[in-house]
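Trainee: Input run_10.json, format and content: JSON, C-alpha atoms.
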[["chain", "number", "residue", "atom", "x", "y", "z"],
["A", 1, "GLY", "CA", 110.57, 73.74, 86.80],
["A", 2, "GLN", "CA", 107.10, 73.17, 85.51],
["A", 3, "GLN", "CA", 106.31, 74.85, 82.21],
["A", 4, "VAL", "CA", 102.92, 75.36, 80.61],
["A", 5, "MET", "CA", 102.81, 76.21, 76.93],
["A", 6, "GLN", "CA", 99.81, 77.49, 75.02],
["A", 7, "ILE", "CA", 99.21, 77.66, 71.32],
["A", 8, "PRO", "CA", 98.38, 79.58, 69.30],
["A", 9, "GLN", "CA", 99.48, 82.89, 70.76],
["A", 10, "TYR", "CA", 96.93, 84.75, 68.64],
["A", 11, "GLN", "CA", 93.84, 83.68, 66.74],
["A", 12, "HIS", "CA", 91.61, 85.85, 64.60],
["A", 13, "VAL", "CA", 88.30, 84.39, 63.41],
["A", 14, "GLN", "CA", 85.15, 85.48, 61.67],
["A", 15, "GLU", "CA", 82.09, 85.50, 63.85],
["A", 16, "GLY", "CA", 80.48, 82.09, 63.66],
["A", 17, "GLU", "CA", 83.71, 80.19, 63.14],
["A", 18, "ASP", "CA", 85.04, 77.76, 65.71],
["A", 19, "PHE", "CA", 88.13, 78.36, 67.86],
["A", 20, "THR", "CA", 90.47, 76.06, 69.76],
["A", 21, "THR", "CA", 93.38, 76.80, 72.07],
["A", 22, "TYR", "CA", 95.75, 74.12, 73.31],
["A", 23, "CYS", "CA", 97.70, 73.87, 76.52],
["A", 24, "ASN", "CA", 100.67, 71.54, 77.11],
["A", 25, "SER", "CA", 102.59, 70.91, 80.28],
["A", 26, "SER", "CA", 106.13, 69.64, 80.65],
["A", 27, "THR", "CA", 105.00, 67.57, 83.64],
["A", 28, "THR", "CA", 101.90, 65.68, 84.70],
["A", 29, "LEU", "CA", 99.30, 67.97, 86.21],
["A", 30, "SER", "CA", 97.04, 67.32, 89.16],
["A", 31, "ASN", "CA", 94.49, 69.74, 87.78],
["A", 32, "ILE", "CA", 94.10, 72.44, 85.21],
["A", 33, "GLN", "CA", 92.11, 75.65, 85.30],
["A", 34, "TRP", "CA", 91.04, 77.98, 82.52],
["A", 35, "TYR", "CA", 90.66, 81.73, 82.85],
["A", 36, "LYS", "CA", 89.41, 84.44, 80.49],
["A", 37, "GLN", "CA", 90.72, 87.98, 80.46],
["A", 38, "ARG", "CA", 88.76, 90.56, 78.51],
["A", 39, "PRO", "CA", 90.73, 93.45, 76.99],
["A", 40, "GLY", "CA", 91.60, 95.85, 79.80],
["A", 41, "GLY", "CA", 90.20, 93.47, 82.39],
["A", 42, "HIS", "CA", 91.49, 90.91, 84.83],
["A", 43, "PRO", "CA", 91.47, 87.11, 84.58],
["A", 44, "VAL", "CA", 88.17, 85.47, 85.47],
["A", 45, "PHE", "CA", 87.88, 81.81, 86.33],
["A", 46, "LEU", "CA", 86.03, 79.67, 83.80],
["A", 47, "ILE", "CA", 86.43, 76.05, 84.84],
["A", 48, "GLN", "CA", 88.61, 73.42, 86.47],
["A", 49, "LEU", "CA", 89.41, 69.91, 85.25],
["A", 50, "VAL", "CA", 90.78, 67.27, 87.58],
["A", 51, "LYS", "CA", 90.20, 63.81, 86.12],
["A", 52, "SER", "CA", 92.12, 62.15, 83.33],
["A", 53, "GLY", "CA", 90.18, 62.42, 80.06],
["A", 54, "GLU", "CA", 87.62, 64.75, 81.61],
["A", 55, "VAL", "CA", 85.37, 66.78, 79.31],
["A", 56, "LYS", "CA", 83.24, 69.64, 80.53],
["A", 57, "LYS", "CA", 80.92, 71.94, 78.62],
["A", 58, "GLN", "CA", 79.69, 75.44, 79.28],
["A", 59, "LYS", "CA", 77.23, 76.42, 76.56],
["A", 60, "ARG", "CA", 79.42, 76.86, 73.46],
["A", 61, "LEU", "CA", 82.68, 76.15, 75.32],
["A", 62, "THR", "CA", 84.10, 72.63, 75.60],
["A", 63, "PHE", "CA", 87.06, 71.89, 77.86],
["A", 64, "GLN", "CA", 89.12, 68.70, 77.73],
["A", 65, "PHE", "CA", 91.83, 67.27, 79.95],
["A", 66, "GLY", "CA", 94.12, 64.75, 78.28],
["A", 67, "GLU", "CA", 94.37, 61.13, 79.33],
["A", 68, "ALA", "CA", 97.95, 61.64, 80.47],
["A", 69, "LYS", "CA", 96.97, 64.83, 82.31],
["A", 70, "LYS", "CA", 99.67, 66.77, 80.47],
["A", 71, "ASN", "CA", 97.52, 68.64, 78.00],
["A", 72, "SER", "CA", 94.20, 70.39, 77.75],
["A", 73, "SER", "CA", 92.12, 72.23, 75.21],
["A", 74, "LEU", "CA", 89.37, 74.79, 75.06],
["A", 75, "HIS", "CA", 87.07, 74.76, 72.05],
["A", 76, "ILE", "CA", 84.52, 77.45, 71.30],
["A", 77, "THR", "CA", 81.79, 76.64, 68.81],
["A", 78, "ALA", "CA", 80.37, 79.40, 66.62],
["A", 79, "THR", "CA", 82.30, 82.28, 68.12],
["A", 80, "GLN", "CA", 80.60, 85.54, 69.01],
["A", 81, "THR", "CA", 82.08, 88.99, 69.50],
["A", 82, "THR", "CA", 81.57, 88.56, 73.23],
["A", 83, "ASP", "CA", 84.14, 85.75, 73.16],
["A", 84, "VAL", "CA", 86.94, 88.24, 72.49],
["A", 85, "GLY", "CA", 89.72, 88.11, 75.05],
["A", 86, "THR", "CA", 92.76, 86.18, 76.17],
["A", 87, "TYR", "CA", 92.25, 82.63, 77.36],
["A", 88, "PHE", "CA", 94.75, 81.29, 79.88],
["A", 89, "CYS", "CA", 95.27, 77.79, 81.10],
["A", 90, "ALA", "CA", 96.87, 77.28, 84.50],
["A", 91, "GLY", "CA", 98.12, 73.99, 85.82],
["A", 92, "SER", "CA", 99.17, 72.62, 89.14],
["A", 93, "GLY", "CA", 101.71, 69.83, 89.51],
["A", 94, "GLY", "CA", 103.29, 68.78, 92.75],
["A", 95, "SER", "CA", 102.61, 72.00, 94.59],
["A", 96, "ASN", "CA", 99.51, 72.08, 96.74],
["A", 97, "TYR", "CA", 98.72, 75.68, 95.89],
["A", 98, "LYS", "CA", 100.78, 77.14, 93.06],
["A", 99, "LEU", "CA", 99.37, 77.44, 89.56],
["A", 100, "THR", "CA", 101.64, 77.87, 86.56],
["A", 101, "PHE", "CA", 99.95, 79.97, 83.90],
["A", 102, "GLY", "CA", 100.43, 79.65, 80.18],
["A", 103, "LYS", "CA", 101.07, 82.81, 78.17],
["A", 104, "GLY", "CA", 97.50, 82.75, 76.88],
["A", 105, "THR", "CA", 95.79, 82.83, 73.50],
["A", 106, "LEU", "CA", 94.38, 86.15, 72.36],
["A", 107, "LEU", "CA", 91.15, 85.64, 70.44],
["A", 108, "THR", "CA", 89.75, 88.37, 68.24],
["A", 109, "VAL", "CA", 86.44, 87.99, 66.42],
["A", 110, "ASN", "CA", 85.51, 89.89, 63.29],
["A", 111, "PRO", "CA", 81.75, 90.63, 63.24],
["B", 1, "GLY", "CA", 79.77, 90.71, 97.83],
["B", 2, "ALA", "CA", 82.95, 92.72, 97.47],
["B", 3, "GLY", "CA", 85.66, 91.26, 95.30],
["B", 4, "VAL", "CA", 89.40, 91.72, 95.44],
["B", 5, "SER", "CA", 90.37, 95.37, 95.33],
["B", 6, "GLN", "CA", 93.70, 96.90, 94.48],
["B", 7, "SER", "CA", 95.08, 100.40, 94.75],
["B", 8, "PRO", "CA", 96.18, 102.48, 93.07],
["B", 9, "SER", "CA", 94.72, 101.47, 89.72],
["B", 10, "ASN", "CA", 97.50, 103.32, 87.94],
["B", 11, "LYS", "CA", 100.91, 104.42, 89.18],
["B", 12, "VAL", "CA", 103.46, 106.40, 87.24],
["B", 13, "THR", "CA", 106.82, 106.80, 88.90],
["B", 14, "GLU", "CA", 110.33, 107.83, 88.08],
["B", 15, "LYS", "CA", 113.16, 105.38, 87.83],
["B", 16, "GLY", "CA", 114.81, 104.86, 91.19],
["B", 17, "LYS", "CA", 111.76, 105.68, 93.30],
["B", 18, "ASP", "CA", 110.05, 103.21, 95.60],
["B", 19, "VAL", "CA", 106.41, 102.20, 95.11],
["B", 20, "GLU", "CA", 103.83, 100.43, 97.24],
["B", 21, "LEU", "CA", 100.93, 98.52, 95.77],
["B", 22, "ARG", "CA", 98.01, 97.45, 97.92],
["B", 23, "CYS", "CA", 95.67, 94.48, 97.75],
["B", 24, "ASP", "CA", 92.48, 93.89, 99.75],
["B", 25, "PRO", "CA", 91.46, 90.24, 99.34],
["B", 26, "ILE", "CA", 87.96, 88.85, 99.59],
["B", 27, "SER", "CA", 86.92, 88.72, 103.22],
["B", 28, "GLY", "CA", 87.63, 85.32, 104.73],
["B", 29, "HIS", "CA", 90.08, 84.24, 102.03],
["B", 30, "THR", "CA", 93.25, 82.96, 103.63],
["B", 31, "ALA", "CA", 95.31, 82.57, 100.46],
["B", 32, "LEU", "CA", 96.69, 85.58, 98.59],
["B", 33, "TYR", "CA", 98.81, 85.70, 95.45],
["B", 34, "TRP", "CA", 100.70, 88.42, 93.62],
["B", 35, "TYR", "CA", 101.36, 88.12, 89.88],
["B", 36, "ARG", "CA", 102.99, 90.35, 87.33],
["B", 37, "GLN", "CA", 101.67, 90.63, 83.78],
["B", 38, "SER", "CA", 103.80, 92.37, 81.19],
["B", 39, "LEU", "CA", 102.23, 93.58, 77.96],
["B", 40, "GLY", "CA", 100.96, 90.65, 75.93],
["B", 41, "GLN", "CA", 102.42, 88.14, 78.35],
["B", 42, "GLY", "CA", 101.05, 85.58, 80.74],
["B", 43, "LEU", "CA", 100.91, 85.82, 84.50],
["B", 44, "GLU", "CA", 104.22, 85.60, 86.28],
["B", 45, "PHE", "CA", 103.91, 84.28, 89.85],
["B", 46, "LEU", "CA", 105.59, 86.53, 92.40],
["B", 47, "ILE", "CA", 104.60, 85.53, 95.92],
["B", 48, "TYR", "CA", 102.02, 83.50, 97.85],
["B", 49, "PHE", "CA", 100.63, 83.94, 101.37],
["B", 50, "GLN", "CA", 98.57, 81.33, 103.19],
["B", 51, "GLY", "CA", 97.31, 82.07, 106.66],
["B", 52, "ASN", "CA", 100.11, 82.37, 109.16],
["B", 53, "SER", "CA", 102.52, 80.21, 107.18],
["B", 54, "ALA", "CA", 105.79, 81.56, 105.84],
["B", 55, "PRO", "CA", 105.14, 83.05, 102.39],
["B", 56, "ASP", "CA", 106.45, 81.46, 99.22],
["B", 57, "LYS", "CA", 108.68, 84.21, 97.79],
["B", 58, "SER", "CA", 110.18, 82.05, 95.07],
["B", 59, "GLY", "CA", 108.78, 84.18, 92.24],
["B", 60, "LEU", "CA", 110.14, 87.54, 93.34],
["B", 61, "PRO", "CA", 112.50, 88.64, 90.53],
["B", 62, "SER", "CA", 115.01, 90.48, 92.71],
["B", 63, "ASP", "CA", 115.66, 91.66, 96.23],
["B", 64, "ARG", "CA", 114.12, 95.01, 95.28],
["B", 65, "PHE", "CA", 110.74, 93.30, 95.53],
["B", 66, "SER", "CA", 109.13, 92.49, 98.86],
["B", 67, "ALA", "CA", 105.62, 91.88, 100.14],
["B", 68, "GLU", "CA", 103.86, 91.82, 103.44],
["B", 69, "ARG", "CA", 100.48, 90.66, 104.59],
["B", 70, "THR", "CA", 99.27, 92.20, 107.80],
["B", 71, "GLY", "CA", 96.75, 90.46, 110.01],
["B", 72, "GLY", "CA", 96.15, 87.82, 107.38],
["B", 73, "SER", "CA", 94.22, 90.27, 105.23],
["B", 74, "VAL", "CA", 95.59, 93.29, 103.38],
["B", 75, "SER", "CA", 98.83, 92.83, 101.47],
["B", 76, "THR", "CA", 101.36, 95.36, 100.25],
["B", 77, "LEU", "CA", 103.84, 94.73, 97.44],
["B", 78, "THR", "CA", 106.82, 97.06, 97.61],
["B", 79, "ILE", "CA", 109.25, 97.67, 94.79],
["B", 80, "GLN", "CA", 112.36, 99.59, 95.75],
["B", 81, "ARG", "CA", 114.52, 101.60, 93.35],
["B", 82, "THR", "CA", 112.15, 100.93, 90.46],
["B", 83, "GLN", "CA", 113.55, 100.18, 87.04],
["B", 84, "GLN", "CA", 111.89, 100.58, 83.64],
["B", 85, "GLU", "CA", 111.62, 96.81, 83.27],
["B", 86, "ASP", "CA", 109.37, 96.80, 86.34],
["B", 87, "SER", "CA", 106.64, 98.43, 84.24],
["B", 88, "ALA", "CA", 103.74, 95.98, 84.11],
["B", 89, "VAL", "CA", 100.31, 95.25, 85.53],
["B", 90, "TYR", "CA", 100.54, 93.81, 89.02],
["B", 91, "LEU", "CA", 97.63, 91.51, 89.80],
["B", 92, "CYS", "CA", 96.55, 90.26, 93.16],
["B", 93, "ALA", "CA", 94.35, 87.21, 93.62],
["B", 94, "SER", "CA", 92.82, 85.55, 96.63],
["B", 95, "SER", "CA", 91.28, 82.17, 97.25],
["B", 96, "SER", "CA", 89.62, 80.41, 100.13],
["B", 97, "GLY", "CA", 92.74, 78.42, 100.89],
["B", 98, "LEU", "CA", 90.62, 75.39, 101.71],
["B", 99, "ALA", "CA", 91.56, 73.18, 98.78],
["B", 100, "GLY", "CA", 95.00, 74.39, 97.79],
["B", 101, "SER", "CA", 95.59, 74.22, 94.07],
["B", 102, "LEU", "CA", 91.95, 73.24, 93.51],
["B", 103, "ASP", "CA", 90.82, 76.64, 94.76],
["B", 104, "THR", "CA", 89.44, 79.18, 92.35],
["B", 105, "GLN", "CA", 91.55, 82.29, 92.34],
["B", 106, "TYR", "CA", 89.68, 85.59, 92.27],
["B", 107, "PHE", "CA", 91.64, 88.38, 90.70],
["B", 108, "GLY", "CA", 91.62, 92.07, 91.46],
["B", 109, "PRO", "CA", 91.58, 94.70, 88.73],
["B", 110, "GLY", "CA", 95.34, 95.16, 88.94],
["B", 111, "THR", "CA", 97.68, 98.10, 89.31],
["B", 112, "ARG", "CA", 99.28, 99.37, 86.12],
["B", 113, "LEU", "CA", 102.80, 100.51, 87.00],
["B", 114, "THR", "CA", 104.73, 102.70, 84.60],
["B", 115, "VAL", "CA", 108.33, 103.54, 85.39],
["B", 116, "LEU", "CA", 109.65, 106.48, 83.41]]
Any chance you could put this one into structure tokens?
Mentor:
Amino acid sequence: GQQVMQIPQYQHVQEGEDFTTYCNSSTTLSNIQWYKQRPGGHPVFLIQLVKSGEVKKQKRLTFQFGEAKKNSSLHITATQTTDVGTYFCAGSGGSNYKLTFGKGTLLTVNP
Amino acid sequence: GAGVSQSPSNKVTEKGKDVELRCDPISGHTALYWYRQSLGQGLEFLIYFQGNSAPDKSGLPSDRFSAERTGGSVSTLTIQRTQQEDSAVYLCASSSGLAGSLDTQYFGPGTRLTVL
């Protein structure tokens, strides 16, 4: 079955440093979504990428979808303490509804 | 507007007992998902409902797990004869169901289940 891997599992940074999490799929994806889960909270949708090579930005967050549509990344520039949480990618392959979630990257930020 | 709600927020039960977890999706959303999240882990797909179609139960870990969705709205996840390994946060999500996998999923706050 489809597998979605995320690395790193954990990342600790000093406030102001950059952060990147990577997502890799065993199969070609039709789209990929990113979610953020704050400590003690539930996942909240951030963005969706559909096109090969697509890049989208949300303020300090940059999302990329690989040319082969098998990998994606989320980059945060100049992290802030409010960025703390677990970032999940979720991809969809042949299914018309099911998302396969990665295990997430837990980001902690030292003020 | 109201988001996805789940009840109870916390449930502590003894091994061998049955539990029922409830999910109220966003009004008008035809798609409903159940996930399980163990400590420090990702989201494990359990079951999917879409309108009046037969649910996709492919993620249910054993026959002790079952789910219903009545009237296309509220859903109940039932775990029979709970085991300690069932301890996790059970998350429900709903989406409009209009665009399939392109839909945004809106998550509820989850039910934290602890089996003693």
Trainee: For the point (86.7, 80.3, 70.4) in the file's frame, write as a ChimeraX atom specification all residues with an atom no more than 9 Å away, counting only C-alpha atoms.
Mentor: /A:11,13,17-21,60-61,74-80,83-84,107-109
Trainee: At what distance in Å, to one decimal, does atom CA of Thr111 of chain B lie from atom CA of Gly16 of chain B?
Mentor: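 These atoms are spaced 18.5 Å apart.
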Trainee: From the options B:Ala99, B:Ile79, B:Gly42, B:Thr30, which residue's atoms come nearest to Tyr35 of chain A, counting only C-alpha atoms?
Mentor: B:Gly42
Trainee: So the first atom is atom CA of Gln105 of chain B and the second is atom CA of Gly1 of chain A; what is the distance between them in Å, to one decimal place?
Mentor: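 Spanning atom CA of Gln105 of chain B to atom CA of Gly1 of chain A is a straight-line distance of 21.6 Å.
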Trainee: When you look at Gly110 of chain B with a cut-off of 10 Å (counting only C-alpha atoms), what residues show up, excluding the ones that are within fewer than 4 positions of it in the same chain? I need them as a compact mmCIF listing (two decimals) with C-alpha atoms, keeping the file's coordinate frame.
Mentor:
# COMPACT_ATOMS: atom_id res chain seq x y z
CA GLY A 40 91.60 95.85 79.80
CA GLY A 41 90.20 93.47 82.39
CA HIS A 42 91.49 90.91 84.83
CA PRO A 43 91.47 87.11 84.58
CA VAL B 4 89.40 91.72 95.44
CA SER B 5 90.37 95.37 95.33
CA GLN B 6 93.70 96.90 94.48
CA SER B 7 95.08 100.40 94.75
CA PRO B 8 96.18 102.48 93.07
CA SER B 9 94.72 101.47 89.72
CA ASN B 10 97.50 103.32 87.94
CA LEU B 21 100.93 98.52 95.77
CA ARG B 22 98.01 97.45 97.92
CA CYS B 23 95.67 94.48 97.75
CA TRP B 34 100.70 88.42 93.62
CA TYR B 35 101.36 88.12 89.88
CA ARG B 36 102.99 90.35 87.33
CA GLN B 37 101.67 90.63 83.78
CA ALA B 88 103.74 95.98 84.11
CA VAL B 89 100.31 95.25 85.53
CA TYR B 90 100.54 93.81 89.02
CA LEU B 91 97.63 91.51 89.80
CA CYS B 92 96.55 90.26 93.16
CA ALA B 93 94.35 87.21 93.62
Trainee: Would you kindly report the residues of chain B within 10 Å of chain A, using only C-alpha atoms, as a tab-separated table (two decimals) with C-alpha atoms, in the frame of the given file?
Mentor:
chain	number	residue	atom	x	y	z
B	31	ALA	CA	95.31	82.57	100.46
B	33	TYR	CA	98.81	85.70	95.45
B	37	GLN	CA	101.67	90.63	83.78
B	40	GLY	CA	100.96	90.65	75.93
B	41	GLN	CA	102.42	88.14	78.35
B	42	GLY	CA	101.05	85.58	80.74
B	43	LEU	CA	100.91	85.82	84.50
B	44	GLU	CA	104.22	85.60	86.28
B	45	PHE	CA	103.91	84.28	89.85
B	47	ILE	CA	104.60	85.53	95.92
B	48	TYR	CA	102.02	83.50	97.85
B	50	GLN	CA	98.57	81.33	103.19
B	56	ASP	CA	106.45	81.46	99.22
B	89	VAL	CA	100.31	95.25	85.53
B	91	LEU	CA	97.63	91.51	89.80
B	92	CYS	CA	96.55	90.26	93.16
B	93	ALA	CA	94.35	87.21	93.62
B	95	SER	CA	91.28	82.17	97.25
B	97	GLY	CA	92.74	78.42	100.89
B	98	LEU	CA	90.62	75.39	101.71
B	99	ALA	CA	91.56	73.18	98.78
B	100	GLY	CA	95.00	74.39	97.79
B	101	SER	CA	95.59	74.22	94.07
B	102	LEU	CA	91.95	73.24	93.51
B	103	ASP	CA	90.82	76.64	94.76
B	104	THR	CA	89.44	79.18	92.35
B	105	GLN	CA	91.55	82.29	92.34
B	106	TYR	CA	89.68	85.59	92.27
B	107	PHE	CA	91.64	88.38	90.70
B	108	GLY	CA	91.62	92.07	91.46
B	109	PRO	CA	91.58	94.70	88.73
B	110	GLY	CA	95.34	95.16	88.94
Trainee: What is the atom CA of Lys17 of chain B to atom CA of Gln80 of chain B distance in Å?
Mentor: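 Result for atom CA of Lys17 of chain B versus atom CA of Gln80 of chain B: 6.6 Å, one decimal.
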Trainee: Find, counting all atoms listed in the file, the residue in B:Leu46, B:Asp86, B:Arg81, B:Thr70 that gets nearest to Ser58 of chain B.
Mentor: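 Ranked by minimum distance to Ser58 of chain B, first place goes to B:Leu46.
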Trainee: Please determine, counting all atoms listed in the file, which residue among A:Lys69, A:Pro8, A:Thr82, A:Lys59 has the shortest atom-to-atom distance to Ser26 of chain A.
Mentor: A:Lys69
Trainee: Would you pick out the contacts of Ala68 of chain A at 9 Å or less, using all atoms listed in the file, so that residues sharing its chain but fewer than 3 positions from it are not included, and give the list as an mmCIF file with C-alpha atoms, keeping the file's coordinate frame?
Mentor:
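Result written to result33.cif:
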data_model
loop_
_atom_site.group_PDB
_atom_site.id
_atom_site.type_symbol
_atom_site.label_atom_id
_atom_site.label_comp_id
_atom_site.auth_asym_id
_atom_site.auth_seq_id
_atom_site.Cartn_x
_atom_site.Cartn_y
_atom_site.Cartn_z
ATOM 1 C CA THR A 28 101.900 65.680 84.700
ATOM 2 C CA LEU A 29 99.300 67.970 86.210
ATOM 3 C CA SER A 52 92.120 62.150 83.330
ATOM 4 C CA GLY A 53 90.180 62.420 80.060
ATOM 5 C CA PHE A 65 91.830 67.270 79.950
ATOM 6 C CA ASN A 71 97.520 68.640 78.000
#
Trainee: Can you complete the atoms of segment 93-112 of chain B to N, CA, C and O atoms and list them as a short mmCIF file (atom, residue, chain, number, x, y, z; two decimals), keeping the file's coordinate frame?
Mentor:
data_model
loop_
_atom_site.label_atom_id
_atom_site.label_comp_id
_atom_site.auth_asym_id
_atom_site.auth_seq_id
_atom_site.Cartn_x
_atom_site.Cartn_y
_atom_site.Cartn_z
N ALA B 93 95.46 88.16 93.61
CA ALA B 93 94.35 87.21 93.62
C ALA B 93 94.23 86.61 95.01
O ALA B 93 95.22 86.49 95.73
N SER B 94 93.01 86.25 95.37
CA SER B 94 92.82 85.55 96.63
C SER B 94 91.97 84.31 96.40
O SER B 94 91.25 84.20 95.40
N SER B 95 92.11 83.38 97.30
CA SER B 95 91.28 82.17 97.25
C SER B 95 90.99 81.73 98.68
O SER B 95 91.62 82.20 99.62
N SER B 96 90.05 80.81 98.79
CA SER B 96 89.62 80.41 100.13
C SER B 96 90.72 79.74 100.93
O SER B 96 90.72 79.76 102.15
N GLY B 97 91.65 79.11 100.20
CA GLY B 97 92.74 78.42 100.89
C GLY B 97 92.34 77.07 101.44
O GLY B 97 93.14 76.40 102.09
N LEU B 98 91.11 76.66 101.14
CA LEU B 98 90.62 75.39 101.71
C LEU B 98 91.09 74.17 100.92
O LEU B 98 91.24 73.09 101.47
N ALA B 99 91.27 74.33 99.63
CA ALA B 99 91.56 73.18 98.78
C ALA B 99 92.85 73.34 98.00
O ALA B 99 93.06 72.64 97.02
N GLY B 100 93.70 74.24 98.43
CA GLY B 100 95.00 74.39 97.79
C GLY B 100 94.90 74.71 96.32
O GLY B 100 94.20 75.65 95.93
N SER B 101 95.53 73.92 95.50
CA SER B 101 95.59 74.22 94.07
C SER B 101 94.24 74.02 93.40
O SER B 101 94.05 74.40 92.25
N LEU B 102 93.28 73.41 94.08
CA LEU B 102 91.95 73.24 93.51
C LEU B 102 91.08 74.47 93.72
O LEU B 102 89.98 74.57 93.18
N ASP B 103 91.58 75.42 94.52
CA ASP B 103 90.82 76.64 94.76
C ASP B 103 90.69 77.46 93.49
O ASP B 103 91.60 77.51 92.67
N THR B 104 89.59 78.15 93.37
CA THR B 104 89.44 79.18 92.35
C THR B 104 90.14 80.43 92.84
O THR B 104 89.95 80.83 93.99
N GLN B 105 90.92 81.03 91.99
CA GLN B 105 91.55 82.29 92.34
C GLN B 105 90.71 83.44 91.79
O GLN B 105 90.32 83.44 90.63
N TYR B 106 90.45 84.42 92.65
CA TYR B 106 89.68 85.59 92.27
C TYR B 106 90.64 86.77 92.16
O TYR B 106 91.32 87.10 93.13
N PHE B 107 90.67 87.34 90.98
CA PHE B 107 91.64 88.38 90.70
C PHE B 107 91.07 89.78 90.95
O PHE B 107 89.89 90.04 90.71
N GLY B 108 91.95 90.66 91.39
CA GLY B 108 91.62 92.07 91.46
C GLY B 108 91.82 92.72 90.11
O GLY B 108 92.30 92.08 89.17
N PRO B 109 91.48 94.01 90.01
CA PRO B 109 91.58 94.70 88.73
C PRO B 109 93.00 95.04 88.33
O PRO B 109 93.26 95.42 87.19
N GLY B 110 93.94 94.91 89.26
CA GLY B 110 95.34 95.16 88.94
C GLY B 110 95.76 96.61 89.15
O GLY B 110 94.93 97.52 89.21
N THR B 111 97.06 96.78 89.29
CA THR B 111 97.68 98.10 89.31
C THR B 111 98.63 98.19 88.13
O THR B 111 99.53 97.35 88.00
N ARG B 112 98.39 99.17 87.27
CA ARG B 112 99.28 99.37 86.12
C ARG B 112 100.41 100.29 86.55
O ARG B 112 100.17 101.47 86.85
#
